[in-house]
Amino acid sequence: MPKYCAGLEDPAGGAARPCLFAQDGRGGPAQPTGTRCVLCCVDTLQRALSSRVGKGNLQRLLKHWRRIKSPVYQAAFDLGSLCALSTNEQCLLRTRAGEESKFELRTSWLHKKKQRLKHFVMGRPIPAASPGISEGSQKYLKAAARWRQGNRDFRLHWTYVHYRKKEPFTNVKMKRKCRTHWRGKHTVARALRREWWKARRTLKAKYLASMAAGPPFRKSGLKWAMEEGILQAGIQVPLSSGAAHLCQPRWCFLTLAGDTLYFESFDDRKRFKTKQLQSAKVSINNAFGRVEYSIEQEEYVHEWDSIRNGVIFSPLCVGNMLERLGFKLQLLREYSAWPTGAISLLQIRSTTENSRFYDYWTALKSFEDRVYLLDAFRRGPALIGNMQHTVQIYTTYAVVPF
């Protein structure tokens, strides 16, 4: 007497549904060797898929149902244990059963076949220049593409400018008269386009290396690279010398507006008291946009540890350090506009640590009408919307040249 399948096993413990996965495809119960068939038990299905023979038997069964156009084929994926498989595994079984893959035209790579062949023969087209490129970036590109002594990258910028002007390479002059598939205008256009994309990748690597090398930064070049799309807006690159000096994480930030900022933060392993004592030294570095080693003199070491009434680093101490660099410290009394001739501002801020208020130093830096807060206790620079409101809250000192 034949032994039929006990039905589809309910994972929730309910009553089993009748099996309809007979081999003939008419919707009757199957005749497995065990209690349940492969399409009614998930455990049996996993054992079958882990075996080469079991997987082949399942694929042949699905292929037979599809060939005779039985509705059991679709029911195996909708009502059987195959619904527990992932989408990729189901697509693989459908493909092995002879079913064609149904891709949407927008997501399928098949509709790009002609375009890929065209790019293979004639090269990837060179995109047009960015419409929002500034006048300063245009002047920088013209100067960088002109040969002069000391400009080692002029060839890359020259290739970037002149090959873009020749796009779409319709008037390419041929040295040979032959016009075969591999010795014609297509070959010349492909070679020139390939050279342009290679120059673009090389320029990206060079600009990233210049950012990682540390200040002074090529601000005009970095802004042009961001406007051209070579560098991503808002990118941050760790400086290669950050671990060698002062044991401080040091970064180069390229803001969304194209401003290049030097930022030095604190190591997370240091205590808050240590960070508080070093905030003036780090803020001066952030304000100047470089590391000032002249403030590391031994005669000023004892002044870093002065804390009076919860306020650290009196203006006299910071002013003495700035005077050694050729700058003087002045109290900012007018909050209506940024001080004339000021490179940046040093500011005393307050924070709460264990229900107590502590003061520390920060830096403010201005670019045209944009003001950035360089707080070493944060992860990066922050753009300030209302500079007047920010300055009025805290006691602020301006760093101005003599």
# chains A, B, ... in the order shown; residues from 1 in each chain; ligands from 1

$ select_by_dssp --residues "region 189-282 of chain A" --states "helix (DSSP H, G or I)" --output "PyMOL selection string"
chain A and resi 189-213+219-228+272-282

$ residues_around --residues "Ser366 (chain A)" --least-positions-apart "2" --cutoff "9 Å" --atoms "only C-alpha atoms" --output "list of chain:residue names"
A:Trp338, A:Ala342, A:Ile343, A:Ser344, A:Leu345, A:Leu364, A:Glu368, A:Asp369, A:Arg370, A:Val371, A:Tyr372

$ residues_around --residues "Phe169 (chain A)" --least-positions-apart "5" --cutoff "9 Å" --atoms "only C-alpha atoms" --output "PyMOL selection string"
chain A and resi 163+185+188-189+192

$ atom_distance --atom1 "CA of Arg164 (chain A)" --atom2 "CA of Ala205 (chain A)"
20.0 Å

$ atom_distance --atom1 "CA of Tyr207 (chain A)" --atom2 "CA of Leu383 (chain A)"
23.7 Å

$ residues_around --residues "Leu8 (chain A)" --least-positions-apart "4" --cutoff "10 Å" --atoms "only C-alpha atoms" --output "list in words"
Ala15, Ala16, Arg17, Pro18, Cys19, Leu20, Arg36, Cys37, Val38, Leu39, Cys40, Cys41, Val42, Leu79, Gly80 and Ser81 of chain A
